[in-house]
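Structure data (compact mmCIF, C-alpha atoms) from structure.txt:
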# COMPACT_ATOMS: atom_id res chain seq x y z
CA MET A 1 -24.14 74.43 39.81
CA ASN A 2 -26.46 72.68 42.28
CA MET A 3 -29.47 70.90 40.79
CA ASP A 4 -32.10 68.88 42.61
CA LEU A 5 -32.67 66.01 40.17
CA SER A 6 -34.79 63.88 42.50
CA PRO A 7 -37.83 62.26 40.84
CA LYS A 8 -41.18 63.93 41.48
CA PHE A 9 -44.88 63.13 41.41
CA PRO A 10 -47.21 65.73 39.88
CA GLN A 11 -49.32 68.17 41.84
CA THR A 12 -53.06 68.63 41.40
CA PHE A 13 -53.82 71.60 39.17
CA THR A 14 -57.57 71.05 38.83
CA GLU A 15 -60.09 68.27 39.46
CA THR A 16 -63.71 68.20 38.33
CA GLU A 17 -66.48 65.70 37.72
CA GLY A 18 -65.07 65.17 34.22
CA GLY A 19 -61.47 64.47 35.25
CA GLY A 20 -58.36 66.31 36.31
CA TYR A 21 -55.12 67.90 35.22
CA TYR A 22 -51.89 67.43 37.17
CA ASN A 23 -48.64 69.25 36.58
CA TRP A 24 -45.04 69.17 37.66
CA ALA A 25 -44.53 72.63 39.14
CA ALA A 26 -41.22 74.43 38.69
CA THR A 27 -41.42 75.52 42.33
CA ASP A 28 -41.27 71.85 43.34
CA SER A 29 -38.64 70.89 40.75
CA GLU A 30 -36.41 73.80 39.75
CA VAL A 31 -34.52 71.67 37.23
CA LEU A 32 -37.55 71.87 34.93
CA GLY A 33 -36.96 75.59 34.52
CA GLN A 34 -33.19 75.18 34.34
CA ALA A 35 -33.48 72.55 31.60
CA LYS A 36 -36.34 74.42 29.90
CA VAL A 37 -38.69 71.44 29.86
CA ALA A 38 -42.19 70.89 31.25
CA ALA A 39 -44.71 68.12 31.89
CA GLY A 40 -48.32 67.48 32.85
CA LYS A 41 -50.85 64.67 33.07
CA LEU A 42 -54.46 64.69 31.89
CA VAL A 43 -57.08 62.31 33.30
CA LEU A 44 -60.49 62.22 31.63
CA LYS A 45 -63.32 60.18 33.08
CA PRO A 46 -65.94 58.69 30.73
CA GLN A 47 -67.69 61.58 28.92
CA GLY A 48 -65.04 63.92 30.29
CA PHE A 49 -64.28 66.85 27.99
CA ALA A 50 -61.27 69.20 28.07
CA LEU A 51 -62.50 72.54 26.72
CA PRO A 52 -60.72 74.09 23.68
CA HIS A 53 -57.42 75.72 24.60
CA TYR A 54 -53.89 76.43 23.42
CA ALA A 55 -50.57 76.55 25.27
CA ASP A 56 -47.19 78.26 25.23
CA CYS A 57 -45.16 75.01 24.97
CA SER A 58 -44.76 72.52 22.16
CA LYS A 59 -45.28 69.06 23.57
CA VAL A 60 -46.12 65.44 22.87
CA GLY A 61 -48.90 63.47 24.49
CA TYR A 62 -48.40 59.78 25.28
CA VAL A 63 -51.53 57.74 26.02
CA LEU A 64 -50.97 55.64 29.12
CA GLN A 65 -54.45 54.10 29.11
CA GLY A 66 -57.88 54.39 27.54
CA ASN A 67 -59.32 55.69 24.27
CA CYS A 68 -60.22 59.26 23.44
CA GLY A 69 -60.75 61.73 20.65
CA VAL A 70 -58.73 64.90 20.22
CA GLY A 71 -59.58 67.83 18.02
CA LEU A 72 -56.47 69.63 16.81
CA THR A 73 -56.30 72.87 14.82
CA LEU A 74 -52.95 74.29 13.76
CA PRO A 75 -52.65 78.11 13.54
CA SER A 76 -52.30 78.10 9.77
CA ASN A 77 -54.27 79.02 6.68
CA LYS A 78 -53.14 75.86 4.95
CA LYS A 79 -55.70 73.28 3.88
CA GLY A 80 -55.93 70.28 6.17
CA ASN A 81 -54.81 72.08 9.32
CA THR A 82 -57.69 70.60 11.35
CA ALA A 83 -58.27 67.02 12.44
CA PHE A 84 -60.38 64.96 14.85
CA ILE A 85 -58.16 62.05 15.81
CA GLY A 86 -58.83 58.84 17.71
CA LEU A 87 -56.20 57.90 20.30
CA LYS A 88 -55.52 54.62 22.06
CA LYS A 89 -52.98 53.28 24.53
CA GLY A 90 -49.43 53.73 23.27
CA ASP A 91 -50.22 56.54 20.83
CA VAL A 92 -47.96 59.57 20.62
CA ILE A 93 -49.45 62.85 19.40
CA PRO A 94 -47.44 66.06 18.91
CA VAL A 95 -49.20 69.27 19.98
CA PRO A 96 -47.40 72.38 18.66
CA ALA A 97 -47.37 75.56 20.71
CA ALA A 98 -50.33 77.88 19.94
CA SER A 99 -52.34 75.08 18.29
CA VAL A 100 -55.88 74.69 19.61
CA SER A 101 -56.96 71.31 20.95
CA TRP A 102 -59.84 69.76 22.82
CA TRP A 103 -59.99 66.25 24.28
CA TYR A 104 -62.97 63.93 24.79
CA ASN A 105 -63.24 60.52 26.45
CA TYR A 106 -65.82 58.53 24.49
CA GLY A 107 -64.91 55.24 26.18
CA ASN A 108 -66.08 53.44 29.31
CA SER A 109 -62.90 53.80 31.36
CA ASP A 110 -60.56 56.61 32.35
CA VAL A 111 -58.16 58.08 29.81
CA VAL A 112 -54.70 59.02 31.10
CA ILE A 113 -52.26 61.02 28.96
CA VAL A 114 -48.87 62.35 30.01
CA PHE A 115 -47.52 65.43 28.25
CA LEU A 116 -43.79 66.13 27.92
CA GLY A 117 -42.70 69.40 26.36
CA ASP A 118 -40.14 71.99 25.44
CA ALA A 119 -40.49 75.04 27.71
CA THR A 120 -37.94 77.24 25.96
CA LYS A 121 -40.60 79.88 25.27
CA ALA A 122 -42.75 79.27 28.35
CA TYR A 123 -44.14 82.21 30.32
CA VAL A 124 -43.36 80.36 33.54
CA PRO A 125 -39.98 78.59 33.26
CA GLY A 126 -40.49 74.84 33.51
CA GLU A 127 -44.29 74.89 33.25
CA ILE A 128 -46.95 74.68 30.54
CA THR A 129 -49.32 77.65 30.60
CA TYR A 130 -52.75 77.03 29.08
CA PHE A 131 -55.01 79.59 27.46
CA PRO A 132 -58.64 78.35 27.50
CA LEU A 133 -60.97 79.69 24.83
CA ALA A 134 -64.26 78.63 26.44
CA GLY A 135 -65.57 78.37 29.97
CA SER A 136 -65.59 80.79 32.88
CA GLN A 137 -61.84 81.36 32.51
CA GLY A 138 -61.91 81.45 28.72
CA HIS A 139 -60.99 84.33 26.44
CA LEU A 140 -64.59 84.77 25.25
CA ALA A 141 -65.78 85.29 28.82
CA ALA A 142 -63.13 87.96 29.36
CA LEU A 143 -63.98 90.08 26.31
CA SER A 144 -66.79 92.62 26.43
CA PRO A 145 -70.09 91.59 24.77
CA GLU A 146 -69.74 94.53 22.37
CA PHE A 147 -66.46 93.25 20.95
CA ILE A 148 -67.86 89.72 20.60
CA ALA A 149 -70.96 91.09 18.87
CA ARG A 150 -68.84 92.99 16.35
CA THR A 151 -66.54 90.03 15.76
CA TYR A 152 -69.29 87.50 15.01
CA HIS A 153 -71.97 89.88 13.66
CA VAL A 154 -74.52 89.08 16.35
CA ASN A 155 -76.45 91.25 18.77
CA VAL A 156 -75.23 91.88 22.31
CA GLU A 157 -77.68 89.44 23.88
CA LYS A 158 -76.38 86.56 21.75
CA ALA A 159 -72.83 87.68 22.39
CA GLN A 160 -73.41 87.39 26.13
CA LYS A 161 -74.79 83.88 25.67
CA LEU A 162 -71.77 82.89 23.58
CA ALA A 163 -69.39 84.14 26.24
CA ASN A 164 -71.11 83.17 29.48
CA SER A 165 -73.25 80.06 28.92
CA GLN A 166 -70.39 77.65 29.66
CA LYS A 167 -69.75 77.80 33.41
CA GLY A 168 -67.20 75.00 33.52
CA VAL A 169 -63.47 75.46 33.96
CA LEU A 170 -60.98 73.57 31.76
CA ILE A 171 -62.58 70.11 32.17
CA ILE A 172 -66.30 69.29 32.20
CA LYS A 173 -68.47 66.18 31.97
CA LEU A 174 -70.94 65.97 29.10
CA ASP A 175 -74.47 64.74 29.66
CA GLN A 176 -75.80 61.89 27.56
CA GLU A 177 -77.40 64.13 24.93
CA GLN A 178 -74.21 66.18 24.50
CA ALA A 179 -72.11 63.03 24.30
CA GLU A 180 -74.28 61.51 21.58
CA GLY A 181 -73.82 64.64 19.48
CA ILE A 182 -70.05 64.18 19.19
CA PRO A 183 -69.04 61.93 16.25
CA LYS A 184 -66.51 59.15 16.59
CA PRO A 185 -63.00 60.27 15.65
CA SER A 186 -60.95 58.99 12.76
CA GLU A 187 -58.45 56.25 13.60
CA LEU A 188 -56.69 56.52 10.25
CA GLU A 189 -54.90 59.83 10.79
CA ALA A 190 -51.38 58.40 10.61
CA ILE A 191 -49.89 61.78 9.80
CA TRP A 192 -50.97 63.15 13.18
CA THR A 193 -50.14 60.28 15.53
CA GLN A 194 -48.15 57.06 15.77
CA ASN A 195 -48.32 54.17 18.18
CA ILE A 196 -44.90 53.78 19.76
CA ASP A 197 -45.94 50.71 21.80
CA GLY A 198 -46.57 48.76 18.61
CA ALA A 199 -43.68 50.13 16.56
CA SER A 200 -40.65 47.98 15.69
CA PRO A 201 -37.99 48.51 18.36
CA ASP A 202 -34.59 49.97 17.49
CA VAL A 203 -32.97 47.71 20.09
CA GLU A 204 -34.34 44.44 21.45
CA VAL A 205 -32.45 42.13 23.78
CA LYS A 206 -33.67 38.75 24.98
CA ASN A 207 -34.45 38.87 28.73
CA GLY A 208 -33.30 42.50 28.69
CA GLY A 209 -35.98 44.60 27.04
CA LYS A 210 -36.42 46.93 24.11
CA CYS A 211 -36.06 50.55 23.13
CA THR A 212 -38.10 52.35 20.47
CA SER A 213 -37.57 55.93 19.29
CA LEU A 214 -39.70 58.20 17.13
CA THR A 215 -37.80 60.90 15.24
CA GLY A 216 -38.70 63.49 12.64
CA THR A 217 -37.48 61.08 9.97
CA LYS A 218 -39.86 58.31 11.08
CA PHE A 219 -42.68 60.62 12.10
CA PRO A 220 -42.54 63.95 10.18
CA PHE A 221 -45.18 65.68 12.33
CA LEU A 222 -42.70 65.55 15.24
CA GLU A 223 -40.74 68.25 13.43
CA GLU A 224 -43.58 70.62 14.31
CA VAL A 225 -42.73 70.32 18.02
CA GLY A 226 -38.96 69.79 17.73
CA LEU A 227 -38.90 66.71 19.96
CA ASN A 228 -37.64 63.13 19.91
CA VAL A 229 -39.71 60.49 21.75
CA THR A 230 -38.39 57.22 23.18
CA ARG A 231 -40.07 54.31 24.93
CA LEU A 232 -37.83 52.08 27.04
CA VAL A 233 -39.00 48.72 28.36
CA LEU A 234 -36.71 46.96 30.82
CA GLU A 235 -37.47 43.44 31.89
CA SER A 236 -36.89 42.23 35.45
CA SER A 237 -33.52 43.47 36.80
CA ALA A 238 -32.31 44.58 33.35
CA THR A 239 -30.20 47.72 32.84
CA ARG A 240 -30.06 50.54 30.30
CA THR A 241 -26.36 51.25 30.00
CA PRO A 242 -24.98 54.78 30.61
CA SER A 243 -25.51 57.45 27.96
CA TYR A 244 -25.52 61.21 27.57
CA ALA A 245 -27.23 63.54 25.11
CA SER A 246 -26.63 66.94 23.58
CA ASP A 247 -30.03 68.12 24.82
CA ALA A 248 -32.06 67.79 28.01
CA ARG A 249 -34.07 64.61 28.53
CA VAL A 250 -37.28 64.12 30.51
CA PHE A 251 -38.28 60.62 31.70
CA TYR A 252 -41.70 59.53 32.93
CA VAL A 253 -42.03 56.16 34.66
CA ALA A 254 -45.10 54.62 33.06
CA LYS A 255 -44.93 51.27 34.85
CA GLY A 256 -42.82 49.47 37.41
CA GLY A 257 -39.76 50.89 39.09
CA GLY A 258 -36.04 50.63 39.64
CA GLN A 259 -32.95 52.70 40.24
CA VAL A 260 -31.48 55.70 38.43
CA GLN A 261 -27.96 57.09 38.59
CA ILE A 262 -26.93 60.41 37.02
CA VAL A 263 -23.40 61.77 36.74
CA GLY A 264 -23.04 65.53 36.35
CA LEU A 265 -20.35 68.18 36.39
CA GLN A 266 -16.81 67.29 37.49
CA GLY A 267 -17.66 63.58 37.44
CA LYS A 268 -19.93 63.78 40.49
CA LEU A 269 -22.73 61.29 41.07
CA VAL A 270 -25.57 63.80 41.42
CA LEU A 271 -28.43 61.30 41.68
CA ASN A 272 -28.59 57.73 42.97
CA THR A 273 -32.15 56.87 43.86
CA LYS A 274 -35.15 54.64 43.34
CA VAL A 275 -37.98 55.61 41.00
CA GLU A 276 -41.54 54.32 40.78
CA THR A 277 -44.65 54.46 38.62
CA GLY A 278 -45.93 57.99 38.06
CA GLN A 279 -42.69 59.81 38.80
CA LEU A 280 -40.83 62.14 36.48
CA PHE A 281 -37.14 62.97 36.41
CA VAL A 282 -34.96 65.25 34.28
CA VAL A 283 -31.49 64.57 32.90
CA PRO A 284 -29.77 67.86 31.95
CA LYS A 285 -27.87 68.07 28.70
CA LEU A 286 -24.57 66.13 28.62
CA PHE A 287 -25.23 64.53 32.03
CA MET A 288 -24.72 60.74 32.03
CA VAL A 289 -27.65 58.53 33.05
CA THR A 290 -28.10 54.80 33.61
CA ILE A 291 -31.31 53.01 34.62
CA SER A 292 -31.88 49.58 36.19
CA ALA A 293 -35.25 47.92 36.66
CA ASN A 294 -36.29 46.15 39.83
CA GLU A 295 -37.73 42.62 39.85
CA GLU A 296 -41.04 43.97 38.55
CA GLY A 297 -39.42 45.49 35.45
CA MET A 298 -39.94 49.05 34.27
CA GLU A 299 -41.40 51.03 31.35
CA LEU A 300 -40.45 54.64 30.66
CA VAL A 301 -41.32 57.23 28.04
CA SER A 302 -38.98 60.16 27.47
CA ILE A 303 -38.32 63.13 25.23
CA LEU A 304 -35.24 64.86 23.96
CA THR A 305 -35.59 68.53 23.10
CA SER A 306 -34.37 67.98 19.55
CA THR A 307 -35.53 65.88 16.61
CA ARG A 308 -31.93 65.07 15.71
CA PRO A 309 -30.03 64.83 18.99
CA VAL A 310 -26.48 63.64 19.51
CA ILE A 311 -26.35 60.69 21.92
CA GLY A 312 -23.15 59.32 23.41
CA GLU A 313 -23.17 55.68 24.51
CA LEU A 314 -20.76 54.26 27.07
CA ALA A 315 -21.40 50.65 26.01
CA SER A 316 -22.10 48.69 22.78
CA LYS A 317 -20.25 48.83 19.47
CA ASN A 318 -21.19 52.52 19.25
CA SER A 319 -19.49 53.31 22.54
CA VAL A 320 -17.53 56.55 22.70
CA LEU A 321 -14.82 54.45 24.39
CA ASN A 322 -14.43 52.25 21.33
CA THR A 323 -11.23 53.93 20.22
CA ILE A 324 -7.58 53.09 19.49
CA PRO A 325 -6.60 50.28 21.91
CA SER A 326 -3.46 51.99 23.20
CA ILE A 327 -5.36 55.23 23.83
CA LEU A 328 -7.99 53.38 25.84
CA GLN A 329 -5.36 51.50 27.83
CA VAL A 330 -3.42 54.59 28.91
CA SER A 331 -6.66 56.48 29.58
CA LEU A 332 -7.88 53.81 31.99
CA ASN A 333 -4.39 52.88 33.21
CA VAL A 334 -5.06 49.13 33.02
CA THR A 335 -3.08 46.10 31.89
CA PRO A 336 -3.11 45.05 28.22
CA GLU A 337 -5.07 41.91 29.17
CA LEU A 338 -7.83 43.82 30.97
CA ASN A 339 -7.93 46.40 28.20
CA HIS A 340 -8.36 43.63 25.60
CA HIS A 341 -11.23 42.03 27.49
CA PHE A 342 -12.87 45.38 28.10
CA ARG A 343 -12.77 46.30 24.42
CA ARG A 344 -14.19 42.93 23.44
CA ILE A 345 -17.13 43.41 25.82
CA ILE A 346 -17.75 46.88 24.40
CA GLU A 347 -17.70 45.68 20.79
CA THR A 348 -20.10 42.80 21.43
CA GLY A 349 -22.34 44.46 24.01
CA THR A 350 -25.69 46.22 23.71
CA THR A 351 -27.28 49.27 25.29
CA ILE A 352 -29.71 47.03 27.20
CA VAL A 353 -28.19 44.42 29.49
CA PRO A 354 -30.09 41.40 30.88
CA PRO A 355 -29.82 40.54 34.59
CA LEU A 356 -26.29 39.65 35.66
CA ASN A 357 -25.00 37.99 38.81
CA LEU A 358 -22.29 40.48 39.71
CA PHE A 359 -20.61 38.08 42.09
CA GLN A 360 -20.21 35.44 39.38
CA ALA A 361 -19.48 37.79 36.48
CA GLN A 362 -15.96 37.67 35.15
CA TRP A 363 -14.01 38.59 32.04
CA GLY A 364 -14.34 35.75 29.56

Would you mind giving the structure from this file in structure tokens?
Amino acid sequence: MNMDLSPKFPQTFTETEGGGYYNWAATDSEVLGQAKVAAGKLVLKPQGFALPHYADCSKVGYVLQGNCGVGLTLPSNKKGNTAFIGLKKGDVIPVPAASVSWWYNYGNSDVVIVFLGDATKAYVPGEITYFPLAGSQGHLAALSPEFIARTYHVNVEKAQKLANSQKGVLIIKLDQEQAEGIPKPSELEAIWTQNIDGASPDVEVKNGGKCTSLTGTKFPFLEEVGLNVTRLVLESSATRTPSYASDARVFYVAKGGGQVQIVGLQGKLVLNTKVETGQLFVVPKLFMVTISANEEGMELVSILTSTRPVIGELASKNSVLNTIPSILQVSLNVTPELNHHFRRIIETGTTIVPPLNLFQAQWG
């Protein structure tokens, strides 16, 4: 099985006065369709407004910069299925498939949000397909005025105004009067969003970095999208040790850069390349990945397409190699002395490793 796992930048899907949407197309990165994952990036300029829509993929949004409000309505008759939520840098918000959302930048600077999702049920493998409700490409504009009139109990003239007054497509910019009519969102909706940047890390290593994960246990609303979200911060020249997972992983480089190696089928090194800010790469299920930051350091956000994934670590006390000493020795075919030192390093190591001078490193 040949997979092109090279990191990719997004392509422009649409750009308007109010902002733009950029997506990772499956035609440019076939592994998205093969792994059944998808991604996109939303940029809203001040007073930019993303018209109400729904999509065929469950996803999470991670706020890279700025402040915005998002209206979210779940397709349910249950009480409390609608919210208007305030988002800030570092927030994670799940957006279930078929739920209706709209996004508004009420701040003075651009808002940038990256979306990472599960494309198992996508119309186009590896891509998020959006269904706008308003605007020139919206569902209302497509229906005949007669059907709209019957649905909302209005005359045909009003039905035509409802369907055709909004000429924008996907993203528009509000004028001052329209902007003043939108209330400020609630910043207390903890059930809908959590800030992963400010959360207590699961792993933190001095001069190495930190790793923070959000699961369905910590953040119940994540269960609605079936995803696990992780933020990895590597300090200058630090390394995230090799690991594999039972489900596909998608990584977005939020800041900095470094090097990524991925080992695939039959023990082949299928990727050994540099990555930089704004790129996305996919690690298929059970493929081994390790990441090293350059001198600038690196920040990544990633998803796993499960809320309770199985992760195999190659290092640390939880290493899958931390087994019966004699078994490890014969498996690696090394001397007892080297095997002893290796096991000691495994048992005392961590999944994030600070910078190391490889030419001076030795078994201690």

How close does each residue of segment 138-184 of chain A get to segment 19-42 of chain A, giving the shortest atom pair and distance in Å to one decimal for every residue with an atom at most 9 Å away, counting all atoms listed in the file, sorted by chain and residue number, as JSON lines?
{"residue": "A:Leu170", "atom": "CA", "partner": "A:Tyr21", "partner_atom": "CA", "distance": 8.9}
{"residue": "A:Ile171", "atom": "CA", "partner": "A:Gly19", "partner_atom": "CA", "distance": 6.5}
{"residue": "A:Ile172", "atom": "CA", "partner": "A:Gly19", "partner_atom": "CA", "distance": 7.5}
{"residue": "A:Lys173", "atom": "CA", "partner": "A:Gly19", "partner_atom": "CA", "distance": 7.9}

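Going from atom CA of Pro309 of chain A over to atom CA of Ser246 of chain A, you cover 6.1 Å.
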
*Which is closer to Ala315 of chain A than all the others in A:Leu300, A:Ala163, A:Ala248, A:Val353, using all atoms listed in the file?*
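Ranking A:Leu300, A:Ala163, A:Ala248, A:Val353 by distance to Ala315 of chain A, first place goes to A:Val353.
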
_Shell around segment 264-274 of chain A at 10 Å using all atoms listed in the file, local window under 6 positions removed, as a list in words_ =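 Here the qualifying residues turn out to be Met1, Asn2, Met3, Asp4, Leu5, Ser6, Pro7, Gly257, Gly258, Val283, Pro284, Lys285, Leu286, Phe287, Met288, Val289, Thr290, Ile291, Ser292, Ala293 and Asn294 of chain A.
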
For the interface of segment 151-225 of chain A with segment 62-82 of chain A (cut-off 9 Å, counting all atoms listed in the file), please tabulate each contacting residue of segment 151-225 of chain A alongside its nearest pair of atoms and their separation in Å to one decimal, rows sorted by chain and increasing number, as a tab-separated table.
residue	atom	partner	partner_atom	distance
A:Lys184	CA	A:Gly69	CA	7.5
A:Pro185	CA	A:Gly69	CA	5.7
A:Ser186	CA	A:Gly69	CA	8.4
A:Ile196	CA	A:Tyr62	CA	8.9

_Considering all atoms listed in the file, can you say which of A:Lys218, A:Lys206, A:Arg249, A:Lys167 comes closest to Ile191 of chain A?_
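Smallest distance to Ile191 of chain A is found for A:Lys218.
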
*Of the candidates A:Thr305, A:Thr323, A:Thr350, A:Asn105, which one gets nearest to Leu222 of chain A if we count only C-alpha atoms?*
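Of A:Thr305, A:Thr323, A:Thr350, A:Asn105, the one nearest Leu222 of chain A is A:Thr305, counting only C-alpha atoms.
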
*Closest to Val205 of chain A among A:Ser165, A:Thr351, A:Gln176, A:Gln47, using all atoms listed in the file?*
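Closest to Val205 of chain A of all the choices is A:Thr351.
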
_Ranking A:Glu180, A:Glu146, A:Glu224, A:Glu299 by minimum distance to Cys211 of chain A and counting only C-alpha atoms, which one comes first?_
A:Glu299

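Comparing the minimum interatomic distances between Pro145 of chain A and each of A:Asn207, A:Ile85, A:Glu157, A:Val43, counting all atoms listed in the file, we find that A:Glu157 sits nearest.
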
*What is the distance between atom CA of Trp102 of chain A and atom CA of Asp197 of chain A, in Å to one decimal?*
23.6 Å

*Using all atoms listed in the file, which residues sit within 9 Å of Val229 of chain A once same-chain residues fewer than 2 positions away are excluded, as a list in words?*
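The contact residues come out as Val60, Val92, Ile196, Thr212, Ser213, Leu214, Thr215, Leu222, Leu227, Arg231, Val301, Ser302, Ile303, Leu304 and Thr307 of chain A.
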
*Interatomic distance between atom CA of Asn228 of chain A and atom CA of Val320 of chain A?*
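That distance, rounded to one decimal, is 21.3 Å.
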
*List every protein, DNA or RNA residue that has at least one atom no more than 12 Å from (-32.9, 39.6, 26.2) in the file's coordinates, counting only C-alpha atoms, and write the result as a PyMOL selection string.*
chain A and resi 203-211+233-239+349-356

*Counting all atoms listed in the file, what is within 10 Å of Ala159 of chain A, bar same-chain residues fewer than 4 positions away, as number ranges by chain?*
A: 140-141, 143-155, 163-164

Please supply segment 6-13 of chain A, rebuilt with all heavy atoms, as a PDB file, in the coordinates of the input.
ATOM      1  N   SER A   6     -33.978  64.957  41.928  1.00  0.00           N
ATOM      2  CA  SER A   6     -34.790  63.880  42.500  1.00  0.00           C
ATOM      3  C   SER A   6     -36.117  63.739  41.752  1.00  0.00           C
ATOM      4  O   SER A   6     -36.723  64.728  41.333  1.00  0.00           O
ATOM      5  CB  SER A   6     -35.054  64.161  43.980  1.00  0.00           C
ATOM      6  OG  SER A   6     -35.670  65.411  44.162  1.00  0.00           O
ATOM      7  N   PRO A   7     -36.569  62.509  41.554  1.00  0.00           N
ATOM      8  CA  PRO A   7     -37.830  62.260  40.840  1.00  0.00           C
ATOM      9  C   PRO A   7     -39.015  62.831  41.608  1.00  0.00           C
ATOM     10  O   PRO A   7     -39.018  62.857  42.837  1.00  0.00           O
ATOM     11  CB  PRO A   7     -37.890  60.741  40.728  1.00  0.00           C
ATOM     12  CG  PRO A   7     -37.007  60.245  41.829  1.00  0.00           C
ATOM     13  CD  PRO A   7     -35.927  61.258  41.991  1.00  0.00           C
ATOM     14  N   LYS A   8     -40.028  63.276  40.869  1.00  0.00           N
ATOM     15  CA  LYS A   8     -41.180  63.930  41.480  1.00  0.00           C
ATOM     16  C   LYS A   8     -42.497  63.363  40.956  1.00  0.00           C
ATOM     17  O   LYS A   8     -42.596  62.951  39.798  1.00  0.00           O
ATOM     18  CB  LYS A   8     -41.155  65.432  41.200  1.00  0.00           C
ATOM     19  CG  LYS A   8     -39.895  66.159  41.642  1.00  0.00           C
ATOM     20  CD  LYS A   8     -39.814  66.304  43.148  1.00  0.00           C
ATOM     21  CE  LYS A   8     -38.600  67.156  43.539  1.00  0.00           C
ATOM     22  NZ  LYS A   8     -38.503  67.322  45.002  1.00  0.00           N
ATOM     23  N   PHE A   9     -43.503  63.383  41.835  1.00  0.00           N
ATOM     24  CA  PHE A   9     -44.880  63.130  41.410  1.00  0.00           C
ATOM     25  C   PHE A   9     -45.522  64.471  41.052  1.00  0.00           C
ATOM     26  O   PHE A   9     -45.094  65.525  41.532  1.00  0.00           O
ATOM     27  CB  PHE A   9     -45.682  62.475  42.539  1.00  0.00           C
ATOM     28  CG  PHE A   9     -45.319  61.046  42.804  1.00  0.00           C
ATOM     29  CD1 PHE A   9     -44.575  60.714  43.926  1.00  0.00           C
ATOM     30  CD2 PHE A   9     -45.730  60.035  41.945  1.00  0.00           C
ATOM     31  CE1 PHE A   9     -44.235  59.394  44.191  1.00  0.00           C
ATOM     32  CE2 PHE A   9     -45.396  58.712  42.199  1.00  0.00           C
ATOM     33  CZ  PHE A   9     -44.647  58.389  43.323  1.00  0.00           C
ATOM     34  N   PRO A  10     -46.566  64.459  40.231  1.00  0.00           N
ATOM     35  CA  PRO A  10     -47.210  65.730  39.880  1.00  0.00           C
ATOM     36  C   PRO A  10     -48.081  66.260  41.012  1.00  0.00           C
ATOM     37  O   PRO A  10     -48.467  65.518  41.920  1.00  0.00           O
ATOM     38  CB  PRO A  10     -48.056  65.363  38.660  1.00  0.00           C
ATOM     39  CG  PRO A  10     -48.411  63.926  38.879  1.00  0.00           C
ATOM     40  CD  PRO A  10     -47.196  63.312  39.532  1.00  0.00           C
ATOM     41  N   GLN A  11     -48.398  67.532  40.919  1.00  0.00           N
ATOM     42  CA  GLN A  11     -49.320  68.170  41.840  1.00  0.00           C
ATOM     43  C   GLN A  11     -50.667  68.357  41.162  1.00  0.00           C
ATOM     44  O   GLN A  11     -50.757  68.442  39.939  1.00  0.00           O
ATOM     45  CB  GLN A  11     -48.777  69.526  42.294  1.00  0.00           C
ATOM     46  CG  GLN A  11     -47.447  69.456  43.008  1.00  0.00           C
ATOM     47  CD  GLN A  11     -46.917  70.833  43.385  1.00  0.00           C
ATOM     48  OE1 GLN A  11     -47.493  71.859  43.014  1.00  0.00           O
ATOM     49  NE2 GLN A  11     -45.811  70.865  44.110  1.00  0.00           N
ATOM     50  N   THR A  12     -51.727  68.420  41.961  1.00  0.00           N
ATOM     51  CA  THR A  12     -53.060  68.630  41.400  1.00  0.00           C
ATOM     52  C   THR A  12     -53.228  70.068  40.963  1.00  0.00           C
ATOM     53  O   THR A  12     -53.057  70.995  41.757  1.00  0.00           O
ATOM     54  CB  THR A  12     -54.142  68.274  42.433  1.00  0.00           C
ATOM     55  OG1 THR A  12     -54.000  66.906  42.821  1.00  0.00           O
ATOM     56  CG2 THR A  12     -55.536  68.489  41.849  1.00  0.00           C
ATOM     57  N   PHE A  13     -53.555  70.255  39.697  1.00  0.00           N
ATOM     58  CA  PHE A  13     -53.820  71.600  39.170  1.00  0.00           C
ATOM     59  C   PHE A  13     -55.316  71.890  39.209  1.00  0.00           C
ATOM     60  O   PHE A  13     -55.743  72.954  39.640  1.00  0.00           O
ATOM     61  CB  PHE A  13     -53.298  71.698  37.731  1.00  0.00           C
ATOM     62  CG  PHE A  13     -53.433  73.051  37.122  1.00  0.00           C
ATOM     63  CD1 PHE A  13     -52.517  74.053  37.404  1.00  0.00           C
ATOM     64  CD2 PHE A  13     -54.497  73.344  36.267  1.00  0.00           C
ATOM     65  CE1 PHE A  13     -52.652  75.320  36.849  1.00  0.00           C
ATOM     66  CE2 PHE A  13     -54.637  74.601  35.704  1.00  0.00           C
ATOM     67  CZ  PHE A  13     -53.709  75.590  35.999  1.00  0.00           C
TER      68      PHE A  13
END
